[in-house]
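Structure file structure.cif with mmCIF, C-alpha atoms:
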data_entry
#
loop_
_atom_site.label_atom_id
_atom_site.label_comp_id
_atom_site.auth_asym_id
_atom_site.auth_seq_id
_atom_site.Cartn_x
_atom_site.Cartn_y
_atom_site.Cartn_z
CA MET A 77 207.29 115.01 -94.03
CA PRO A 78 210.27 113.07 -92.55
CA ASN A 79 210.49 115.96 -90.06
CA ILE A 80 207.88 114.16 -87.99
CA VAL A 81 210.12 111.08 -87.87
CA PHE A 82 212.99 113.13 -86.44
CA SER A 83 210.71 114.93 -83.97
CA VAL A 84 209.45 111.60 -82.64
CA ILE A 85 212.99 110.18 -82.41
CA ALA A 86 214.22 113.28 -80.56
CA ARG A 87 211.31 113.15 -78.12
CA ASP A 88 211.65 109.41 -77.42
CA LEU A 89 215.41 109.67 -76.93
CA LYS A 90 214.95 112.53 -74.50
CA LEU A 91 212.39 110.47 -72.56
CA ALA A 92 214.71 107.46 -72.55
CA MET A 93 217.51 109.63 -71.15
CA ARG A 94 215.22 110.72 -68.31
CA ARG A 95 214.65 107.13 -67.25
CA GLN A 96 217.89 105.39 -68.00
CA ALA A 97 216.99 102.52 -65.70
CA ASP A 98 214.97 100.99 -68.56
CA ILE A 99 217.91 100.95 -70.95
CA VAL A 100 220.36 99.76 -68.35
CA SER A 101 218.15 96.93 -67.09
CA ALA A 102 217.66 95.43 -70.57
CA LEU A 103 221.39 95.71 -71.20
CA PHE A 104 222.27 94.07 -67.88
CA PHE A 105 219.76 91.30 -68.56
CA PHE A 106 221.61 90.61 -71.82
CA VAL A 107 225.02 90.64 -70.11
CA ILE A 108 223.92 88.36 -67.28
CA VAL A 109 222.08 85.81 -69.42
CA VAL A 110 225.04 85.55 -71.78
CA SER A 111 227.52 85.28 -68.89
CA LEU A 112 225.58 82.47 -67.19
CA PHE A 113 226.22 80.03 -70.03
CA PRO A 114 230.02 79.79 -69.76
CA LEU A 115 229.59 79.30 -66.02
CA GLY A 116 227.01 76.57 -66.49
CA ILE A 117 228.66 74.75 -69.38
CA GLY A 118 232.19 74.79 -68.01
CA PRO A 119 235.53 75.61 -69.59
CA GLU A 120 235.19 73.51 -72.74
CA VAL A 121 236.44 75.99 -75.28
CA ASP A 122 235.29 74.18 -78.41
CA LEU A 123 231.78 73.72 -77.14
CA LEU A 124 231.54 77.35 -76.02
CA ARG A 125 232.78 78.59 -79.38
CA GLN A 126 230.10 76.54 -81.10
CA LEU A 127 227.29 77.69 -78.83
CA ALA A 128 228.26 81.38 -78.68
CA PRO A 129 226.32 82.76 -81.69
CA GLY A 130 223.11 81.02 -80.69
CA ILE A 131 223.37 82.08 -77.06
CA LEU A 132 224.10 85.71 -77.86
CA TRP A 133 221.28 85.87 -80.36
CA VAL A 134 218.69 84.25 -78.10
CA ALA A 135 219.73 86.60 -75.30
CA ALA A 136 219.41 89.55 -77.69
CA LEU A 137 215.88 88.45 -78.67
CA LEU A 138 214.85 88.18 -75.01
CA ALA A 139 216.44 91.51 -74.08
CA THR A 140 214.57 93.19 -76.93
CA MET A 141 211.32 91.57 -75.79
CA LEU A 142 211.86 93.04 -72.34
CA SER A 143 211.54 96.62 -73.53
CA LEU A 144 208.76 96.04 -76.09
CA PRO A 145 205.65 96.25 -73.87
CA ARG A 146 206.48 99.87 -73.02
CA LEU A 147 206.95 100.91 -76.64
CA PHE A 148 203.39 102.24 -76.93
CA ALA A 149 201.96 101.58 -73.47
CA ASP A 150 203.23 104.79 -71.83
CA ASP A 151 201.98 106.96 -74.67
CA TYR A 152 198.66 105.12 -74.63
CA ARG A 153 198.16 105.59 -70.89
CA ASP A 154 198.86 109.33 -70.75
CA GLY A 155 196.95 110.22 -73.92
CA THR A 156 199.99 111.13 -76.01
CA LEU A 157 199.20 108.35 -78.47
CA GLU A 158 195.86 110.00 -79.31
CA GLN A 159 197.67 113.24 -80.02
CA LEU A 160 200.21 111.40 -82.17
CA ALA A 161 197.37 109.77 -84.11
CA LEU A 162 195.87 113.24 -84.64
CA ALA A 163 199.10 114.74 -85.94
CA PRO A 164 198.72 115.90 -89.53
CA HIS A 165 200.93 113.08 -90.78
CA PRO A 166 200.33 109.40 -91.47
CA LEU A 167 200.58 107.44 -88.21
CA GLY A 168 202.99 105.04 -89.96
CA LEU A 169 205.65 107.76 -90.04
CA VAL A 170 205.21 108.43 -86.33
CA VAL A 171 205.63 104.72 -85.62
CA THR A 172 208.72 104.62 -87.86
CA GLY A 173 210.25 107.26 -85.60
CA LYS A 174 209.32 105.29 -82.50
CA VAL A 175 210.79 102.06 -83.93
CA ILE A 176 214.08 103.80 -84.79
CA ALA A 177 214.25 105.35 -81.32
CA HIS A 178 213.52 101.94 -79.77
CA TRP A 179 216.41 100.42 -81.70
CA LEU A 180 218.77 103.23 -80.68
CA VAL A 181 218.13 102.58 -76.99
CA SER A 182 217.70 98.78 -77.06
CA GLY A 183 219.36 97.19 -80.12
CA LEU A 184 222.37 99.45 -80.52
CA PRO A 185 223.67 99.04 -76.93
CA LEU A 186 223.43 95.24 -77.33
CA ALA A 187 225.53 95.37 -80.49
CA LEU A 188 228.10 97.61 -78.83
CA ILE A 189 228.62 95.27 -75.89
CA THR A 190 228.63 92.07 -77.97
CA PRO A 191 232.41 92.10 -78.70
CA VAL A 192 233.15 92.19 -74.97
CA LEU A 193 230.77 89.32 -74.20
CA GLY A 194 232.07 87.30 -77.15
CA ILE A 195 235.49 87.11 -75.51
CA GLN A 196 234.00 84.90 -72.78
CA PHE A 197 233.30 82.31 -75.48
CA ASP A 198 236.81 82.44 -76.95
CA LEU A 199 235.55 83.60 -80.33
CA SER A 200 238.12 84.50 -82.99
CA THR A 201 238.40 88.11 -84.14
CA ASP A 202 236.67 87.34 -87.43
CA ALA A 203 233.80 85.59 -85.72
CA LEU A 204 233.45 88.44 -83.22
CA LEU A 205 233.31 91.00 -86.01
CA VAL A 206 230.67 89.08 -87.92
CA LEU A 207 228.62 88.45 -84.78
CA THR A 208 228.69 92.14 -83.84
CA GLY A 209 227.82 93.11 -87.41
CA ALA A 210 224.97 90.60 -87.50
CA ILE A 211 223.50 91.93 -84.24
CA LEU A 212 223.92 95.49 -85.48
CA ILE A 213 222.13 94.71 -88.76
CA GLY A 214 219.53 92.32 -87.34
CA THR A 215 218.25 94.14 -84.24
CA PRO A 216 216.36 96.87 -86.17
CA ALA A 217 214.25 94.04 -87.63
CA LEU A 218 213.55 92.89 -84.06
CA SER A 219 212.35 96.38 -83.10
CA GLY A 220 210.19 96.61 -86.24
CA ILE A 221 208.53 93.20 -85.90
CA GLY A 222 208.18 93.74 -82.16
CA ALA A 223 206.32 97.00 -82.76
CA ILE A 224 203.54 95.06 -84.51
CA GLY A 225 203.18 92.78 -81.51
CA ALA A 226 203.32 95.69 -79.07
CA ALA A 227 200.59 97.51 -81.01
CA LEU A 228 198.36 94.42 -81.21
CA THR A 229 198.58 93.71 -77.49
CA LEU A 230 198.20 97.34 -76.43
CA GLY A 231 195.84 97.81 -73.52
CA LEU A 232 195.37 94.08 -72.90
CA ARG A 233 195.66 92.63 -69.44
CA GLY A 234 198.66 90.31 -69.35
CA GLY A 235 199.67 91.60 -72.75
CA GLY A 236 203.34 90.94 -71.98
CA ILE A 237 203.03 87.13 -72.22
CA LEU A 238 200.83 87.33 -75.28
CA LEU A 239 203.36 89.68 -76.83
CA SER A 240 206.14 87.09 -76.39
CA LEU A 241 203.96 84.35 -77.88
CA LEU A 242 203.16 86.54 -80.87
CA VAL A 243 206.55 87.99 -81.54
CA LEU A 244 209.13 85.30 -80.68
CA PRO A 245 208.05 82.94 -83.51
CA LEU A 246 208.36 85.85 -85.93
CA TYR A 247 211.93 86.40 -84.73
CA ILE A 248 213.01 82.91 -85.85
CA PRO A 249 214.28 83.90 -89.33
CA VAL A 250 216.41 86.67 -87.84
CA LEU A 251 217.77 84.22 -85.26
CA ILE A 252 218.62 81.58 -87.89
CA PHE A 253 220.41 83.92 -90.24
CA GLY A 254 222.02 85.93 -87.46
CA ALA A 255 223.56 82.91 -85.78
CA GLY A 256 224.17 81.26 -89.15
CA ALA A 257 226.36 84.15 -90.27
CA VAL A 258 228.91 83.37 -87.57
CA ASP A 259 228.87 79.62 -88.21
CA ALA A 260 229.37 80.23 -91.91
CA THR A 261 232.34 82.52 -91.22
CA VAL A 262 233.95 80.05 -88.82
CA SER A 263 233.55 77.15 -91.26
CA GLY A 264 235.16 79.25 -94.00
CA LEU A 265 232.08 79.68 -96.18
CA GLY A 266 231.86 83.42 -95.56
CA GLY A 267 228.96 85.11 -93.81
CA GLU A 268 228.18 87.76 -96.44
CA GLY A 269 225.14 85.93 -97.75
CA HIS A 270 223.63 85.65 -94.28
CA LEU A 271 224.35 89.28 -93.50
CA SER A 272 222.73 90.38 -96.77
CA LEU A 273 219.61 88.43 -95.92
CA LEU A 274 219.57 89.98 -92.44
CA ALA A 275 219.88 93.43 -94.00
CA ALA A 276 216.98 92.60 -96.34
CA MET A 277 214.84 91.56 -93.36
CA THR A 278 215.71 94.76 -91.55
CA ILE A 279 214.82 96.92 -94.53
CA ALA A 280 211.54 95.07 -95.00
CA ALA A 281 210.73 95.29 -91.27
CA ILE A 282 211.52 99.02 -90.99
CA GLY A 283 209.62 99.71 -94.21
CA PHE A 284 206.46 97.70 -93.58
CA ALA A 285 206.14 96.98 -89.87
CA PRO A 286 205.35 100.60 -88.85
CA TRP A 287 202.35 100.67 -91.17
CA ALA A 288 201.03 97.38 -89.83
CA SER A 289 201.58 98.69 -86.29
CA ALA A 290 199.79 101.92 -87.18
CA ALA A 291 196.75 99.94 -88.35
CA ALA A 292 196.76 97.98 -85.07
CA LEU A 293 197.14 101.18 -83.03
CA LYS A 294 194.12 102.73 -84.75
CA ILE A 295 192.03 99.76 -83.65
CA ALA A 296 193.37 100.10 -80.09
CA LEU A 297 192.41 103.78 -80.06
CA GLU A 298 188.79 103.27 -81.17
CA MET B 172 182.41 124.38 -91.49
CA LEU B 173 181.85 121.12 -89.64
CA GLU B 174 178.80 119.03 -90.48
CA ALA B 175 177.61 115.78 -89.04
CA ASP B 176 174.88 113.85 -90.72
CA ASN B 177 172.74 111.02 -89.39
CA LEU B 178 175.44 109.65 -87.07
CA GLU B 179 174.91 106.38 -85.30
CA CYS B 180 177.04 105.07 -82.48
CA VAL B 181 177.09 101.48 -81.26
CA ARG B 182 179.38 100.47 -78.39
CA GLY B 183 179.44 96.77 -77.68
CA GLU B 184 175.82 95.63 -78.04
CA ARG B 185 174.26 98.95 -77.10
CA ARG B 186 173.18 101.64 -79.49
CA LEU B 187 174.06 104.94 -77.81
CA PHE B 188 172.50 107.31 -80.32
CA SER B 189 171.35 107.37 -83.92
CA GLY B 190 170.16 109.94 -86.43
CA LEU B 191 172.32 112.61 -84.84
CA GLY B 192 173.29 115.57 -86.94
CA PHE B 193 174.44 119.17 -86.58
CA LYS B 194 176.12 121.95 -88.46
CA LEU B 195 178.73 124.27 -87.04
CA ASP B 196 179.85 127.51 -88.70
CA ALA B 197 182.75 129.83 -88.02
CA GLY B 198 182.45 131.55 -84.63
CA GLU B 199 180.06 128.96 -83.22
CA LEU B 200 180.35 126.82 -80.13
CA LEU B 201 178.56 123.53 -79.67
CA TYR B 202 177.88 122.40 -76.11
CA LEU B 203 177.31 118.65 -75.90
CA GLN B 204 175.15 117.61 -72.99
CA GLY B 205 173.88 114.34 -71.69
CA ARG B 206 174.02 112.06 -68.70
CA ASN B 207 177.03 109.86 -68.00
CA GLY B 208 177.32 107.12 -70.58
CA ALA B 209 175.11 108.88 -73.12
CA GLY B 210 177.90 108.84 -75.69
CA LYS B 211 179.36 112.33 -75.46
CA THR B 212 182.95 111.18 -75.53
CA SER B 213 182.16 108.64 -78.24
CA LEU B 214 180.72 111.44 -80.36
CA LEU B 215 183.87 113.51 -79.82
CA ARG B 216 186.03 110.57 -80.83
CA MET B 217 183.97 110.26 -84.00
CA LEU B 218 184.44 113.95 -84.68
CA ILE B 219 188.21 113.66 -84.37
CA GLY B 220 188.20 110.63 -86.66
CA LEU B 221 189.46 108.01 -84.20
CA LEU B 222 186.15 106.15 -83.98
CA PRO B 223 184.42 105.37 -87.27
CA PRO B 224 180.65 105.95 -86.99
CA GLU B 225 178.39 102.93 -87.40
CA SER B 226 176.58 104.90 -90.07
CA GLY B 227 176.41 108.50 -91.16
CA GLU B 228 179.09 110.94 -92.21
CA ILE B 229 181.14 113.82 -90.84
CA ARG B 230 182.20 116.52 -93.27
CA TRP B 231 184.76 119.28 -92.92
CA HIS B 232 184.24 122.06 -95.49
CA GLY B 233 181.96 119.77 -97.43
CA LYS B 234 184.35 116.83 -97.72
CA PRO B 235 184.17 113.64 -95.63
CA ILE B 236 186.88 113.73 -92.96
CA ARG B 237 188.13 110.21 -93.58
CA ARG B 238 189.07 111.20 -97.14
CA GLN B 239 191.18 114.14 -95.99
CA ALA B 240 192.57 112.85 -92.69
CA ASP B 241 195.85 114.79 -92.78
CA ASP B 242 194.28 118.12 -93.82
CA TYR B 243 191.52 117.71 -91.26
CA HIS B 244 193.94 116.87 -88.48
CA ALA B 245 196.02 119.93 -89.39
CA ALA B 246 192.92 122.06 -88.68
CA LEU B 247 191.98 120.26 -85.48
CA CYS B 248 193.03 120.68 -81.87
CA TYR B 249 191.79 117.98 -79.49
CA LEU B 250 191.99 118.02 -75.73
CA GLY B 251 190.82 114.80 -74.16
CA HIS B 252 190.27 113.41 -70.68
CA LEU B 253 193.95 112.58 -70.55
CA ASN B 254 196.41 115.42 -70.44
CA ALA B 255 198.86 113.95 -72.98
CA ILE B 256 201.82 115.29 -71.06
CA LYS B 257 204.94 113.37 -70.17
CA GLU B 258 205.73 113.20 -66.47
CA GLU B 259 209.48 113.10 -67.09
CA LEU B 260 209.52 116.26 -69.20
CA THR B 261 209.18 119.81 -67.94
CA PRO B 262 206.08 121.87 -68.86
CA LEU B 263 208.18 123.80 -71.35
CA GLU B 264 209.51 120.65 -73.03
CA ASN B 265 206.02 119.17 -73.11
CA LEU B 266 204.60 122.21 -74.81
CA LEU B 267 207.41 122.43 -77.36
CA ALA B 268 207.22 118.70 -78.13
CA ALA B 269 203.43 118.83 -78.55
CA ALA B 270 203.72 121.76 -80.96
CA ARG B 271 206.46 120.08 -82.96
CA LEU B 272 204.48 116.83 -83.28
CA ALA B 273 201.45 118.82 -84.41
CA GLY B 274 203.66 120.30 -87.12
CA GLU B 275 203.76 123.84 -85.74
CA ASP B 276 206.68 126.15 -85.11
CA LEU B 277 206.66 127.39 -81.56
CA SER B 278 209.42 129.59 -80.20
CA VAL B 279 210.67 129.11 -76.65
CA ASP B 280 209.59 132.66 -75.74
CA ASP B 281 206.02 132.06 -76.92
CA ALA B 282 205.90 128.81 -75.00
CA ILE B 283 207.12 130.47 -71.78
CA ASP B 284 204.55 133.19 -72.36
CA ALA B 285 201.76 130.63 -72.66
CA LEU B 286 202.87 128.88 -69.47
CA GLU B 287 202.90 132.21 -67.64
CA GLN B 288 199.33 132.79 -68.78
CA VAL B 289 198.16 129.51 -67.31
CA GLY B 290 199.80 130.40 -64.01
CA LEU B 291 202.87 128.22 -64.23
CA ALA B 292 205.47 130.99 -64.18
CA GLY B 293 208.62 129.79 -62.44
CA ARG B 294 207.72 126.13 -62.93
CA GLU B 295 208.73 125.85 -66.57
CA ASP B 296 211.79 123.78 -65.72
CA LEU B 297 210.29 121.46 -63.11
CA ALA B 298 209.52 117.91 -64.26
CA CYS B 299 205.74 117.48 -64.57
CA LYS B 300 205.68 114.59 -62.09
CA TYR B 301 206.21 117.17 -59.32
CA LEU B 302 203.12 119.17 -60.35
CA SER B 303 199.63 118.80 -58.89
CA GLN B 304 196.68 117.45 -60.91
CA GLY B 305 195.34 120.93 -61.55
CA GLN B 306 198.75 122.18 -62.63
CA LYS B 307 199.15 119.25 -65.02
CA ARG B 308 195.78 120.13 -66.50
CA ARG B 309 197.04 123.70 -66.94
CA VAL B 310 200.07 122.45 -68.85
CA ALA B 311 197.67 120.67 -71.23
CA LEU B 312 195.51 123.80 -71.49
CA ALA B 313 198.55 125.95 -72.31
CA ARG B 314 198.34 124.39 -75.77
CA LEU B 315 195.09 126.28 -76.33
CA VAL B 316 196.73 129.65 -75.58
CA ILE B 317 199.00 129.36 -78.59
CA ASP B 318 196.78 127.26 -80.82
CA ARG B 319 195.47 128.98 -83.93
CA ARG B 320 193.87 125.98 -85.59
CA PRO B 321 190.24 126.63 -86.52
CA LEU B 322 188.51 123.70 -84.84
CA TRP B 323 188.79 122.92 -81.14
CA ILE B 324 187.31 119.74 -79.73
CA LEU B 325 187.43 119.72 -75.95
CA ASP B 326 186.36 116.89 -73.67
CA GLU B 327 185.41 118.24 -70.22
CA PRO B 328 187.91 121.11 -70.33
CA PHE B 329 186.80 122.60 -67.00
CA VAL B 330 187.46 119.51 -64.91
CA ALA B 331 190.03 119.93 -62.09
CA LEU B 332 190.23 123.70 -62.54
CA ASP B 333 189.72 126.29 -59.82
CA VAL B 334 187.26 129.19 -60.22
CA SER B 335 189.74 131.70 -61.60
CA ALA B 336 191.05 129.16 -64.12
CA VAL B 337 187.50 128.41 -65.30
CA ASP B 338 186.98 132.13 -66.05
CA TRP B 339 190.33 132.31 -67.76
CA LEU B 340 189.54 129.29 -69.95
CA ALA B 341 186.11 130.70 -70.85
CA GLY B 342 187.95 133.84 -71.99
CA ILE B 343 190.38 131.81 -74.11
CA ILE B 344 187.49 129.99 -75.79
CA SER B 345 185.69 133.31 -76.43
CA GLY B 346 188.83 134.69 -78.04
CA HIS B 347 189.00 131.64 -80.26
CA LEU B 348 185.37 132.10 -81.35
CA GLN B 349 185.92 135.80 -81.99
CA ARG B 350 188.79 134.97 -84.32
CA GLY B 351 186.30 132.90 -86.33
CA GLY B 352 187.19 129.58 -84.75
CA MET B 353 184.80 126.76 -83.98
CA ALA B 354 184.59 124.67 -80.86
CA VAL B 355 182.78 121.55 -79.75
CA MET B 356 182.87 120.66 -76.08
CA THR B 357 181.29 118.47 -73.46
CA THR B 358 180.79 119.72 -69.96
CA HIS B 359 178.63 119.13 -66.92
CA GLN B 360 179.11 122.62 -65.52
CA LEU B 361 177.59 125.16 -67.88
CA VAL B 362 180.06 128.01 -68.15
CA ALA B 363 178.97 131.21 -69.82
CA ILE B 364 181.07 131.89 -72.88
CA PRO B 365 180.79 135.64 -73.52
CA ALA B 366 181.38 135.66 -77.28
CA GLY B 367 180.18 133.74 -80.31
CA THR B 368 176.99 131.83 -80.93
CA VAL B 369 176.45 129.08 -78.41
CA ARG B 370 174.41 126.07 -79.43
CA GLU B 371 173.42 123.10 -77.39
CA LEU B 372 172.98 119.50 -78.32
CA ARG B 373 171.54 116.98 -75.93
CA ILE B 374 172.33 113.32 -76.38
CA GLY B 375 170.36 110.43 -74.95
#

Any chance you could put this one into structure tokens?
Amino acid sequence: MPNIVFSVIARDLKLAMRRQADIVSALFFFVIVVSLFPLGIGPEVDLLRQLAPGILWVAALLATMLSLPRLFADDYRDGTLEQLALAPHPLGLVVTGKVIAHWLVSGLPLALITPVLGIQFDLSTDALLVLTGAILIGTPALSGIGAIGAALTLGLRGGGILLSLLVLPLYIPVLIFGAGAVDATVSGLGGEGHLSLLAAMTIAAIGFAPWASAAALKIALE
Amino acid sequence: MLEADNLECVRGERRLFSGLGFKLDAGELLYLQGRNGAGKTSLLRMLIGLLPPESGEIRWHGKPIRRQADDYHAALCYLGHLNAIKEELTPLENLLAAARLAGEDLSVDDAIDALEQVGLAGREDLACKYLSQGQKRRVALARLVIDRRPLWILDEPFVALDVSAVDWLAGIISGHLQRGGMAVMTTHQLVAIPAGTVRELRIG
């Protein structure tokens, strides 16, 4: 049965490779938004260090949002989504594959570039490591929760705005614990607790969100 | 055996049809007819299980389809208005991906064979966005060449095809019926299907 998950991941990755502009534009959006803050705030190292986790996380949320509307929209428009819904497997598994593929092309690149961007904020090595780890662990939850929003707004005119209104409030816990992990590390409390909670959110999101999305997709396909 | 019993379809505020029923046995073809907006596509979407009927029941081998969704979908091949092909992928990749998602094993040789049959020889490795409408439709139809699932549900399969392709497709459907398959399709141009029992159902 998990075969279907791998088939969907392989297909979505191949499609993403054929239009790399999508991946690159979300990544550049992240880089530019994060880089604007040091320029705007000025060279006050202490202030920058304090703001860094929040800024990187908010930018990561927005960059993830950018790629969400297309998660199901392309498949919906060309009829592939119907065929996926008619595959002899639960639709939830198909969506699980799509969510994992979405993370691989949107969340993972953000995590990989975070250490480089963190240098602009004069973060210590420990803080950089925790921040990168937090983004690595937390972004799958963003893809999972976002999939619910993308499924609910599928086929709506102006669905992109509605999607942000639906999904961004749901991202708040991830934002709080993601940014909190770095603060806790810097203040010497240790960020393990925050990271564990982030991991728990990711597991819950990857486990449950695809099934909620599948239910929403079935309504969209009626 | 596919049975529909007392189906009712309501879209928005309008009731499109009610009390509709039919029975389809192995080797039989059901032609759905009706004017535009009569509910042909809605009926097909009920038959594939994407649109729950307002009332009534659809049974596959005596069991309601919504209680055996995975088994039913494994026996079902649906070709809709939309081609369900990816513009970025080549015809060959599209065909292989569609087969894999439907849970079938399809070898590259068989896939190339099927594409040759639909007249796309030499274009296997060209991204679908460079193909014409008719050629894209042929990529979608190539799925039927290799499909051995017993129930085909086809929404306007002859649209955008030239005369020779219409004959070819009629032959493919006949072959399917001869193998004991079943087919339900909507069409505005009545095409003679040489084999199997053809039945007609008029909606609206």

(message) If we count all atoms listed in the file and set the cut-off at 12 Å, which residues sit around Glu264 in chain B, ignoring sequence neighbours fewer than 6 positions away in its own chain? Please answer as a ChimeraX atom specification.
(response) /A:86-87,90-91 /B:256-258,270-271,277-279,282-283,286,294-299,310-311

(message) Using all atoms listed in the file, which protein or nucleic acid residues come within 12 Å of Ile374 in chain B? Drop anything in the same chain fewer than 6 positions from it, and give the result as a VMD selection string.
(response) chain B and resid 178 to 180 187 to 193 202 to 214 357

If we count all atoms listed in the file, which residues of chain A reach to within 12 Å of chain B? Please list them as a compact mmCIF listing (two decimals) with C-alpha atoms, keeping the file's coordinate frame.
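Now in selection-v3.txt:
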# COMPACT_ATOMS: atom_id res chain seq x y z
CA MET A 77 207.29 115.01 -94.03
CA PRO A 78 210.27 113.07 -92.55
CA ASN A 79 210.49 115.96 -90.06
CA ILE A 80 207.88 114.16 -87.99
CA VAL A 81 210.12 111.08 -87.87
CA PHE A 82 212.99 113.13 -86.44
CA SER A 83 210.71 114.93 -83.97
CA VAL A 84 209.45 111.60 -82.64
CA ILE A 85 212.99 110.18 -82.41
CA ALA A 86 214.22 113.28 -80.56
CA ARG A 87 211.31 113.15 -78.12
CA ASP A 88 211.65 109.41 -77.42
CA LEU A 89 215.41 109.67 -76.93
CA LYS A 90 214.95 112.53 -74.50
CA LEU A 91 212.39 110.47 -72.56
CA ALA A 92 214.71 107.46 -72.55
CA MET A 93 217.51 109.63 -71.15
CA ARG A 94 215.22 110.72 -68.31
CA ARG A 95 214.65 107.13 -67.25
CA GLN A 96 217.89 105.39 -68.00
CA ASP A 150 203.23 104.79 -71.83
CA ASP A 151 201.98 106.96 -74.67
CA TYR A 152 198.66 105.12 -74.63
CA ARG A 153 198.16 105.59 -70.89
CA ASP A 154 198.86 109.33 -70.75
CA GLY A 155 196.95 110.22 -73.92
CA THR A 156 199.99 111.13 -76.01
CA LEU A 157 199.20 108.35 -78.47
CA GLU A 158 195.86 110.00 -79.31
CA GLN A 159 197.67 113.24 -80.02
CA LEU A 160 200.21 111.40 -82.17
CA ALA A 161 197.37 109.77 -84.11
CA LEU A 162 195.87 113.24 -84.64
CA ALA A 163 199.10 114.74 -85.94
CA PRO A 164 198.72 115.90 -89.53
CA HIS A 165 200.93 113.08 -90.78
CA PRO A 166 200.33 109.40 -91.47
CA LEU A 167 200.58 107.44 -88.21
CA LEU A 169 205.65 107.76 -90.04
CA VAL A 170 205.21 108.43 -86.33
CA GLY A 173 210.25 107.26 -85.60
CA ALA A 291 196.75 99.94 -88.35
CA LEU A 293 197.14 101.18 -83.03
CA LYS A 294 194.12 102.73 -84.75
CA ILE A 295 192.03 99.76 -83.65
CA ALA A 296 193.37 100.10 -80.09
CA LEU A 297 192.41 103.78 -80.06
CA GLU A 298 188.79 103.27 -81.17

(request) Using the chain letters and numbering of this document, enumerate as a list in words the residues selected by the PyMOL selection byres ((chain B and resi 366) around 8). (result) Ser345, Gly346, Leu348, Gln349, Ile364, Pro365, Gly367 and Thr368 of chain B

(request) For CA of Pro119 in chain A and CA of Thr140 in chain A, quote the distance in Å rounded to one decimal. (result) 28.3 Å

(request) Counting all atoms listed in the file, write as a list in words all protein and nucleic acid residues lying at most 12 Å from (189.7, 133.8, -68.9) in the file's frame. (result)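 Collected hits near the coordinates: Gln288, Val289, Gly290, Leu312, Leu315, Val316, Phe329, Leu332, Asp333, Val334, Ser335, Ala336, Val337, Asp338, Trp339, Leu340, Ala341, Gly342, Ile343, Ile344, Ser345, Gly346, His347, Val362, Ala363, Ile364, Pro365 and Ala366 of chain B.
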
From the coordinates supplied, range 122-151 of chain A should be written with C-alpha atoms, as an mmCIF file, in the first residue's frame.
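Printed below is selection_2.cif as written:
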data_model
loop_
_atom_site.group_PDB
_atom_site.id
_atom_site.type_symbol
_atom_site.label_atom_id
_atom_site.label_comp_id
_atom_site.auth_asym_id
_atom_site.auth_seq_id
_atom_site.Cartn_x
_atom_site.Cartn_y
_atom_site.Cartn_z
ATOM 1 C CA ASP A 122 22.244 42.458 19.940
ATOM 2 C CA LEU A 123 18.920 43.468 18.496
ATOM 3 C CA LEU A 124 19.485 41.423 15.345
ATOM 4 C CA ARG A 125 20.440 38.362 17.365
ATOM 5 C CA GLN A 126 17.224 38.683 19.340
ATOM 6 C CA LEU A 127 15.013 39.146 16.300
ATOM 7 C CA ALA A 128 16.633 36.486 14.102
ATOM 8 C CA PRO A 129 14.565 33.398 15.062
ATOM 9 C CA GLY A 130 11.265 35.227 14.695
ATOM 10 C CA ILE A 131 12.212 36.778 11.368
ATOM 11 C CA LEU A 132 13.456 33.523 9.865
ATOM 12 C CA TRP A 133 10.388 31.660 11.013
ATOM 13 C CA VAL A 134 7.899 34.237 9.765
ATOM 14 C CA ALA A 135 9.714 34.314 6.424
ATOM 15 C CA ALA A 136 9.592 30.503 6.309
ATOM 16 C CA LEU A 137 5.817 30.545 6.944
ATOM 17 C CA LEU A 138 5.282 33.068 4.145
ATOM 18 C CA ALA A 139 7.552 31.214 1.723
ATOM 19 C CA THR A 140 5.627 28.004 2.395
ATOM 20 C CA MET A 141 2.336 29.828 1.829
ATOM 21 C CA LEU A 142 3.606 30.969 -1.551
ATOM 22 C CA SER A 143 3.756 27.454 -2.966
ATOM 23 C CA LEU A 144 0.592 26.114 -1.296
ATOM 24 C CA PRO A 145 -2.096 27.245 -3.777
ATOM 25 C CA ARG A 146 -0.528 25.082 -6.489
ATOM 26 C CA LEU A 147 -0.390 21.971 -4.322
ATOM 27 C CA PHE A 148 -3.662 20.602 -5.715
ATOM 28 C CA ALA A 149 -4.697 23.287 -8.217
ATOM 29 C CA ASP A 150 -2.662 21.958 -11.167
ATOM 30 C CA ASP A 151 -3.886 18.407 -10.664
#
